[in-house]
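A.B. asks: As input, take my_file33.pdb (PDB, C-alpha atoms):
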ATOM      1  CA  MET A   1      21.753 -12.183  -1.153  1.00  0.00           C
ATOM      2  CA  PRO A   2      17.950 -11.624  -1.173  1.00  0.00           C
ATOM      3  CA  THR A   3      15.722 -14.523  -2.019  1.00  0.00           C
ATOM      4  CA  HIS A   4      12.945 -14.485  -4.612  1.00  0.00           C
ATOM      5  CA  THR A   5      10.380 -14.239  -1.789  1.00  0.00           C
ATOM      6  CA  THR A   6      12.165 -11.164  -0.401  1.00  0.00           C
ATOM      7  CA  THR A   7      12.071  -9.553  -3.836  1.00  0.00           C
ATOM      8  CA  LYS A   8       8.357 -10.311  -4.137  1.00  0.00           C
ATOM      9  CA  ARG A   9       7.662  -8.856  -0.708  1.00  0.00           C
ATOM     10  CA  GLY A  10       9.754  -5.786  -1.522  1.00  0.00           C
ATOM     11  CA  LEU A  11       7.855  -5.200  -4.751  1.00  0.00           C
ATOM     12  CA  LEU A  12       4.571  -5.776  -2.956  1.00  0.00           C
ATOM     13  CA  MET A  13       5.544  -3.089  -0.438  1.00  0.00           C
ATOM     14  CA  VAL A  14       6.309  -0.689  -3.304  1.00  0.00           C
ATOM     15  CA  LEU A  15       2.879  -1.498  -4.784  1.00  0.00           C
ATOM     16  CA  GLN A  16       1.272  -0.781  -1.408  1.00  0.00           C
ATOM     17  CA  VAL A  17       3.073   2.563  -1.229  1.00  0.00           C
ATOM     18  CA  ALA A  18       2.055   3.437  -4.807  1.00  0.00           C
ATOM     19  CA  ILE A  19      -1.629   2.738  -4.094  1.00  0.00           C
ATOM     20  CA  THR A  20      -1.412   4.688  -0.832  1.00  0.00           C
ATOM     21  CA  LEU A  21       0.070   7.692  -2.674  1.00  0.00           C
ATOM     22  CA  GLN A  22      -2.619   7.371  -5.334  1.00  0.00           C
ATOM     23  CA  THR A  23      -5.393   7.391  -2.736  1.00  0.00           C
ATOM     24  CA  VAL A  24      -3.912  10.385  -0.928  1.00  0.00           C
ATOM     25  CA  ALA A  25      -3.485  12.274  -4.218  1.00  0.00           C
ATOM     26  CA  VAL A  26      -7.111  11.629  -5.216  1.00  0.00           C
ATOM     27  CA  PHE A  27      -8.277  12.732  -1.752  1.00  0.00           C
ATOM     28  CA  VAL A  28      -6.251  15.946  -2.006  1.00  0.00           C
ATOM     29  CA  GLN A  29      -7.904  16.556  -5.390  1.00  0.00           C
ATOM     30  CA  ALA A  30     -11.280  16.578  -3.647  1.00  0.00           C
ATOM     31  CA  ILE A  31      -9.953  19.235  -1.276  1.00  0.00           C
ATOM     32  CA  THR A  32      -8.568  21.334  -4.125  1.00  0.00           C
ATOM     33  CA  ALA A  33     -11.888  20.971  -5.951  1.00  0.00           C
ATOM     34  CA  GLY A  34     -13.527  22.658  -2.978  1.00  0.00           C
ATOM     35  CA  LEU A  35     -10.871  25.365  -3.080  1.00  0.00           C
ATOM     36  CA  LEU A  36     -11.525  25.778  -6.799  1.00  0.00           C
ATOM     37  CA  LEU A  37     -15.095  26.710  -5.976  1.00  0.00           C
ATOM     38  CA  SER A  38     -14.304  28.929  -3.001  1.00  0.00           C
ATOM     39  CA  THR A  39     -11.010  30.744  -3.604  1.00  0.00           C
ATOM     40  CA  PRO A  40      -9.456  32.590  -6.553  1.00  0.00           C
ATOM     41  CA  GLY A  41      -6.246  30.499  -6.509  1.00  0.00           C
ATOM     42  CA  GLY A  42      -8.044  27.181  -6.233  1.00  0.00           C
ATOM     43  CA  GLY A  43      -7.907  26.531  -9.969  1.00  0.00           C
ATOM     44  CA  ALA A  44      -4.109  26.457  -9.990  1.00  0.00           C
ATOM     45  CA  LEU A  45      -4.042  24.024  -7.059  1.00  0.00           C
ATOM     46  CA  HIS A  46      -6.587  21.733  -8.689  1.00  0.00           C
ATOM     47  CA  SER A  47      -4.640  21.818 -11.939  1.00  0.00           C
ATOM     48  CA  ALA A  48      -1.365  20.991 -10.184  1.00  0.00           C
ATOM     49  CA  GLY A  49      -3.149  18.207  -8.328  1.00  0.00           C
ATOM     50  CA  SER A  50      -4.375  16.720 -11.584  1.00  0.00           C
ATOM     51  CA  TYR A  51      -0.779  16.433 -12.811  1.00  0.00           C
ATOM     52  CA  THR A  52       0.142  14.795  -9.520  1.00  0.00           C
ATOM     53  CA  VAL A  53      -2.694  12.258  -9.732  1.00  0.00           C
ATOM     54  CA  PHE A  54      -1.781  11.471 -13.343  1.00  0.00           C
ATOM     55  CA  ILE A  55       1.897  10.886 -12.486  1.00  0.00           C
ATOM     56  CA  VAL A  56       1.151   8.841  -9.357  1.00  0.00           C
ATOM     57  CA  THR A  57      -1.356   6.724 -11.285  1.00  0.00           C
ATOM     58  CA  LEU A  58       1.221   6.117 -14.009  1.00  0.00           C
ATOM     59  CA  LEU A  59       3.752   5.167 -11.323  1.00  0.00           C
ATOM     60  CA  HIS A  60       1.199   2.720  -9.886  1.00  0.00           C
ATOM     61  CA  LEU A  61       0.797   1.109 -13.321  1.00  0.00           C
ATOM     62  CA  ILE A  62       4.564   0.771 -13.756  1.00  0.00           C
ATOM     63  CA  VAL A  63       4.953  -0.784 -10.299  1.00  0.00           C
ATOM     64  CA  ALA A  64       2.104  -3.224 -11.004  1.00  0.00           C
ATOM     65  CA  ILE A  65       3.910  -4.322 -14.179  1.00  0.00           C
ATOM     66  CA  LEU A  66       7.158  -4.763 -12.229  1.00  0.00           C
ATOM     67  CA  VAL A  67       5.408  -6.846  -9.576  1.00  0.00           C
ATOM     68  CA  TRP A  68       4.091  -9.099 -12.324  1.00  0.00           C
ATOM     69  CA  ARG A  69       6.918  -9.485 -14.799  1.00  0.00           C
ATOM     70  CA  PRO A  70      10.270  -9.453 -13.000  1.00  0.00           C
ATOM     71  CA  GLY A  71       8.694 -10.049  -9.578  1.00  0.00           C
ATOM     72  CA  GLY A  72       6.838 -13.175 -10.619  1.00  0.00           C
ATOM     73  CA  GLY A  73       3.534 -12.006  -9.161  1.00  0.00           C
ATOM     74  CA  SER A  74       0.038 -12.133 -10.537  1.00  0.00           C
ATOM     75  CA  PRO A  75      -0.974  -9.909 -13.475  1.00  0.00           C
ATOM     76  CA  LYS A  76      -4.237  -9.018 -11.688  1.00  0.00           C
ATOM     77  CA  PRO A  77      -2.975  -5.713 -10.202  1.00  0.00           C
ATOM     78  CA  ILE A  78      -2.113  -4.573 -13.733  1.00  0.00           C
ATOM     79  CA  ARG A  79      -5.781  -4.734 -14.732  1.00  0.00           C
ATOM     80  CA  TYR A  80      -6.783  -2.499 -11.864  1.00  0.00           C
ATOM     81  CA  ALA A  81      -3.858  -0.088 -12.407  1.00  0.00           C
ATOM     82  CA  ALA A  82      -4.488   0.134 -16.160  1.00  0.00           C
ATOM     83  CA  GLY A  83      -8.207   0.686 -15.628  1.00  0.00           C
ATOM     84  CA  PHE A  84      -7.527   3.359 -13.042  1.00  0.00           C
ATOM     85  CA  PHE A  85      -5.025   5.035 -15.368  1.00  0.00           C
ATOM     86  CA  ALA A  86      -7.642   5.060 -18.142  1.00  0.00           C
ATOM     87  CA  LEU A  87     -10.199   6.489 -15.716  1.00  0.00           C
ATOM     88  CA  THR A  88      -7.686   9.163 -14.674  1.00  0.00           C
ATOM     89  CA  SER A  89      -7.079  10.079 -18.313  1.00  0.00           C
ATOM     90  CA  ALA A  90     -10.819  10.374 -18.897  1.00  0.00           C
ATOM     91  CA  GLN A  91     -11.136  12.464 -15.737  1.00  0.00           C
ATOM     92  CA  VAL A  92      -8.461  14.879 -16.971  1.00  0.00           C
ATOM     93  CA  ALA A  93     -10.271  15.193 -20.319  1.00  0.00           C
ATOM     94  CA  LEU A  94     -13.599  15.815 -18.566  1.00  0.00           C
ATOM     95  CA  GLY A  95     -12.009  18.475 -16.390  1.00  0.00           C
ATOM     96  CA  LEU A  96     -10.394  20.229 -19.331  1.00  0.00           C
ATOM     97  CA  ALA A  97     -13.743  20.183 -21.145  1.00  0.00           C
ATOM     98  CA  HIS A  98     -15.423  21.692 -18.023  1.00  0.00           C
ATOM     99  CA  MET A  99     -17.949  18.840 -17.951  1.00  0.00           C
ATOM    100  CA  THR A 100     -18.651  19.195 -14.235  1.00  0.00           C
ATOM    101  CA  ALA A 101     -21.749  16.990 -14.381  1.00  0.00           C
ATOM    102  CA  LEU A 102     -19.495  14.029 -15.213  1.00  0.00           C
ATOM    103  CA  HIS A 103     -16.205  15.229 -13.709  1.00  0.00           C
ATOM    104  CA  VAL A 104     -17.482  15.296 -10.125  1.00  0.00           C
ATOM    105  CA  PRO A 105     -19.099  11.809 -10.059  1.00  0.00           C
ATOM    106  CA  VAL A 106     -16.079  10.266 -11.781  1.00  0.00           C
ATOM    107  CA  GLY A 107     -13.863  11.857  -9.116  1.00  0.00           C
ATOM    108  CA  VAL A 108     -15.997  10.302  -6.388  1.00  0.00           C
ATOM    109  CA  LEU A 109     -15.828   6.942  -8.185  1.00  0.00           C
ATOM    110  CA  MET A 110     -12.049   7.235  -8.444  1.00  0.00           C
ATOM    111  CA  PHE A 111     -11.715   7.899  -4.733  1.00  0.00           C
ATOM    112  CA  GLY A 112     -13.969   4.951  -3.875  1.00  0.00           C
ATOM    113  CA  LEU A 113     -12.085   2.579  -6.164  1.00  0.00           C
ATOM    114  CA  SER A 114      -8.732   3.739  -4.838  1.00  0.00           C
ATOM    115  CA  VAL A 115      -9.797   3.239  -1.210  1.00  0.00           C
ATOM    116  CA  PHE A 116     -11.202  -0.193  -2.113  1.00  0.00           C
ATOM    117  CA  GLN A 117      -7.910  -1.246  -3.709  1.00  0.00           C
ATOM    118  CA  LEU A 118      -5.936   0.282  -0.846  1.00  0.00           C
ATOM    119  CA  VAL A 119      -7.840  -1.811   1.693  1.00  0.00           C
ATOM    120  CA  ARG A 120      -7.448  -4.932  -0.436  1.00  0.00           C
ATOM    121  CA  ILE A 121      -3.708  -4.539  -0.879  1.00  0.00           C
ATOM    122  CA  TRP A 122      -2.986  -3.725   2.772  1.00  0.00           C
ATOM    123  CA  THR A 123      -5.198  -6.450   4.246  1.00  0.00           C
ATOM    124  CA  GLY A 124      -4.208  -9.101   1.724  1.00  0.00           C
ATOM    125  CA  ARG A 125      -7.788  -9.757   0.661  1.00  0.00           C
ATOM    126  CA  ARG A 126      -8.565 -11.228  -2.703  1.00  0.00           C
ATOM    127  CA  ALA A 127     -11.246  -9.957  -5.066  1.00  0.00           C
ATOM    128  CA  HIS A 128     -13.933 -12.173  -3.563  1.00  0.00           C
ATOM    129  CA  GLY A 129     -13.244 -10.895  -0.042  1.00  0.00           C
ATOM    130  CA  ALA A 130     -13.829 -12.484   3.297  1.00  0.00           C
ATOM    131  CA  ALA A 131     -16.909 -14.448   2.183  1.00  0.00           C
ATOM    132  CA  ALA A 132     -14.770 -16.877   0.216  1.00  0.00           C
ATOM    133  CA  GLU A 133     -12.596 -17.530   3.262  1.00  0.00           C
ATOM    134  CA  SER A 134     -15.511 -19.108   5.106  1.00  0.00           C
ATOM    135  CA  THR A 135     -16.364 -21.601   2.359  1.00  0.00           C
ATOM    136  CA  VAL A 136     -15.672 -25.275   2.964  1.00  0.00           C
ATOM    137  CA  GLY A 137     -12.295 -26.522   1.817  1.00  0.00           C
ATOM    138  CA  ARG A 138     -10.409 -23.239   2.126  1.00  0.00           C
ATOM    139  CA  GLY A 139      -7.809 -22.500   4.753  1.00  0.00           C
ATOM    140  CA  ALA A 140      -8.293 -19.749   7.301  1.00  0.00           C
ATOM    141  CA  ASP A 141      -5.230 -17.922   5.998  1.00  0.00           C
ATOM    142  CA  ARG A 142      -6.315 -18.086   2.330  1.00  0.00           C
ATOM    143  CA  GLY A 143      -6.970 -14.346   2.067  1.00  0.00           C
ATOM    144  CA  THR A 144      -3.776 -13.224   3.801  1.00  0.00           C
ATOM    145  CA  LEU A 145      -0.270 -12.825   2.505  1.00  0.00           C
ATOM    146  CA  ASP A 146       2.210 -15.444   3.593  1.00  0.00           C
ATOM    147  CA  GLU A 147       5.390 -16.924   2.202  1.00  0.00           C
ATOM    148  CA  SER A 148       3.459 -19.030  -0.335  1.00  0.00           C
ATOM    149  CA  THR A 149       1.235 -16.210  -1.675  1.00  0.00           C
ATOM    150  CA  PRO A 150       2.650 -14.711  -4.874  1.00  0.00           C
ATOM    151  CA  ALA A 151       3.161 -10.949  -4.620  1.00  0.00           C
ATOM    152  CA  GLY A 152       0.277  -8.995  -6.031  1.00  0.00           C
ATOM    153  CA  GLN A 153      -2.138 -11.917  -6.096  1.00  0.00           C
ATOM    154  CA  ILE A 154      -4.741 -10.228  -3.974  1.00  0.00           C
TER     155      ILE A 154
END
Translate this structure into structure tokens?

C.D. replies:
Amino acid sequence: MPTHTTTKRGLLMVLQVAITLQTVAVFVQAITAGLLLSTPGGGALHSAGSYTVFIVTLLHLIVAILVWRPGGGSPKPIRYAAGFFALTSAQVALGLAHMTALHVPVGVLMFGLSVFQLVRIWTGRRAHGAAAESTVGRGADRGTLDESTPAGQI
């Protein structure tokens, strides 16, 4: 029978996969945006990609909630996932309104934030990063995941 730590680690792995899918989906949207500008069928691809990003972002939010509530992890990933979902919703609205002057920079911001979170979740870094690890009184493994680190508290 799996232990509580195994369940936490399993949910953390699902969260890592969700953020990875989110980052890949946002990256593919940048590619389809280029196709939108250069080929006649690019609009359909970009539209389909927007549905994909929306669904993957919603999946990420659901997984973050599951890591927190039944998994016993930190609620911190929910804040990021909810904020990213709100940003995705705004991005869809900007795209539908053809507000390119805002749609493009928000897309770049979304990709940057997704890569940032992806690196944090896969390396086990906390919000304050490696600088906090070097402060006096903190262990060398403070920023990494181990058996005592609650899932999602990164």

A.B. asks: Taking the file as I've supplied it (selection: the PyMOL selection byres ((chain A and resi 25) around 9)), which residues are included? Please answer as a PDB file with C-alpha atoms, keeping the file's coordinate frame.

C.D. replies:
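See out_23.pdb below for the written result:
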ATOM      1  CA  THR A  20      -1.412   4.688  -0.832  1.00  0.00           C
ATOM      2  CA  LEU A  21       0.070   7.692  -2.674  1.00  0.00           C
ATOM      3  CA  GLN A  22      -2.619   7.371  -5.334  1.00  0.00           C
ATOM      4  CA  THR A  23      -5.393   7.391  -2.736  1.00  0.00           C
ATOM      5  CA  VAL A  24      -3.912  10.385  -0.928  1.00  0.00           C
ATOM      6  CA  VAL A  26      -7.111  11.629  -5.216  1.00  0.00           C
ATOM      7  CA  PHE A  27      -8.277  12.732  -1.752  1.00  0.00           C
ATOM      8  CA  VAL A  28      -6.251  15.946  -2.006  1.00  0.00           C
ATOM      9  CA  GLN A  29      -7.904  16.556  -5.390  1.00  0.00           C
ATOM     10  CA  ALA A  30     -11.280  16.578  -3.647  1.00  0.00           C
ATOM     11  CA  GLY A  49      -3.149  18.207  -8.328  1.00  0.00           C
ATOM     12  CA  SER A  50      -4.375  16.720 -11.584  1.00  0.00           C
ATOM     13  CA  THR A  52       0.142  14.795  -9.520  1.00  0.00           C
ATOM     14  CA  VAL A  53      -2.694  12.258  -9.732  1.00  0.00           C
ATOM     15  CA  VAL A  56       1.151   8.841  -9.357  1.00  0.00           C
TER      16      VAL A  56
END

A.B. asks: Excluding same-chain residues fewer than 5 positions from A:Leu35, what lies within 10 Å of it counting all atoms listed in the file, as a PyMOL selection string?

C.D. replies: chain A and resi 29-30+40-46

A.B. asks: Let me make sure I understand: among A:Ala93, A:Val67, A:Phe84, A:His60, which one has the smallest atom-to-atom distance to A:Gly112 if we use all atoms listed in the file?

C.D. replies: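 The shortest atom-to-atom distance to A:Gly112 comes from A:Phe84.
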
A.B. asks: Please report the interatomic distance between atom CA of A:Leu118 and atom CA of A:Ala33 in Å with one decimal.

C.D. replies: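 Separation of atom CA of A:Leu118 and atom CA of A:Ala33: 22.1 Å.
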
A.B. asks: Atom CA of A:Ser74 to atom CA of A:Leu87: how many Å, to one decimal?

C.D. replies: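 According to the coordinates, atom CA of A:Ser74 and atom CA of A:Leu87 are separated by 21.9 Å.
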
A.B. asks: Just give me the residues with any atom within 10 Å of (-14.0, 15.7, -15.6), file coordinates, counting all atoms listed in the file, written as a list in words.

C.D. replies: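 In the file's frame, the residues around the point are Leu87, Thr88, Ser89, Ala90, Gln91, Val92, Ala93, Leu94, Gly95, Leu96, Ala97, His98, Met99, Thr100, Ala101, Leu102, His103, Val104, Pro105, Val106 and Gly107 of chain A.
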
A.B. asks: Take the residues from that selection and write them out as a PDB file, keeping the file's coordinate frame, keeping C-alpha atoms.

C.D. replies:
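New file part-v1.pdb:
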ATOM      1  CA  LEU A  87     -10.199   6.489 -15.716  1.00  0.00           C
ATOM      2  CA  THR A  88      -7.686   9.163 -14.674  1.00  0.00           C
ATOM      3  CA  SER A  89      -7.079  10.079 -18.313  1.00  0.00           C
ATOM      4  CA  ALA A  90     -10.819  10.374 -18.897  1.00  0.00           C
ATOM      5  CA  GLN A  91     -11.136  12.464 -15.737  1.00  0.00           C
ATOM      6  CA  VAL A  92      -8.461  14.879 -16.971  1.00  0.00           C
ATOM      7  CA  ALA A  93     -10.271  15.193 -20.319  1.00  0.00           C
ATOM      8  CA  LEU A  94     -13.599  15.815 -18.566  1.00  0.00           C
ATOM      9  CA  GLY A  95     -12.009  18.475 -16.390  1.00  0.00           C
ATOM     10  CA  LEU A  96     -10.394  20.229 -19.331  1.00  0.00           C
ATOM     11  CA  ALA A  97     -13.743  20.183 -21.145  1.00  0.00           C
ATOM     12  CA  HIS A  98     -15.423  21.692 -18.023  1.00  0.00           C
ATOM     13  CA  MET A  99     -17.949  18.840 -17.951  1.00  0.00           C
ATOM     14  CA  THR A 100     -18.651  19.195 -14.235  1.00  0.00           C
ATOM     15  CA  ALA A 101     -21.749  16.990 -14.381  1.00  0.00           C
ATOM     16  CA  LEU A 102     -19.495  14.029 -15.213  1.00  0.00           C
ATOM     17  CA  HIS A 103     -16.205  15.229 -13.709  1.00  0.00           C
ATOM     18  CA  VAL A 104     -17.482  15.296 -10.125  1.00  0.00           C
ATOM     19  CA  PRO A 105     -19.099  11.809 -10.059  1.00  0.00           C
ATOM     20  CA  VAL A 106     -16.079  10.266 -11.781  1.00  0.00           C
ATOM     21  CA  GLY A 107     -13.863  11.857  -9.116  1.00  0.00           C
TER      22      GLY A 107
END

A.B. asks: Could you work out how far atom CA of A:Pro77 lies from atom CA of A:Val115, giving the answer in Å with one decimal?

C.D. replies: 14.4 Å

A.B. asks: Given the file shown, determine the residues that the PyMOL selection byres ((chain A and resi 14-16) around 12) selects; report them as a ChimeraX atom specification.

C.D. replies: /A:7-13,17-23,56-57,59-68,71,73,77-78,81,114-115,117-124,151-154

A.B. asks: Once 4 Å is added on each side, what are the centre and the three edge lengths, in Å to one decimal, of the axis-aligned box enclosing the listed atoms of stretch 89-98 of chain A? Present them as lines of an AutoDock Vina configuration file.

C.D. replies:
center_x = -11.3
center_y = 15.9
center_z = -18.4
size_x = 16.3
size_y = 19.6
size_z = 13.4
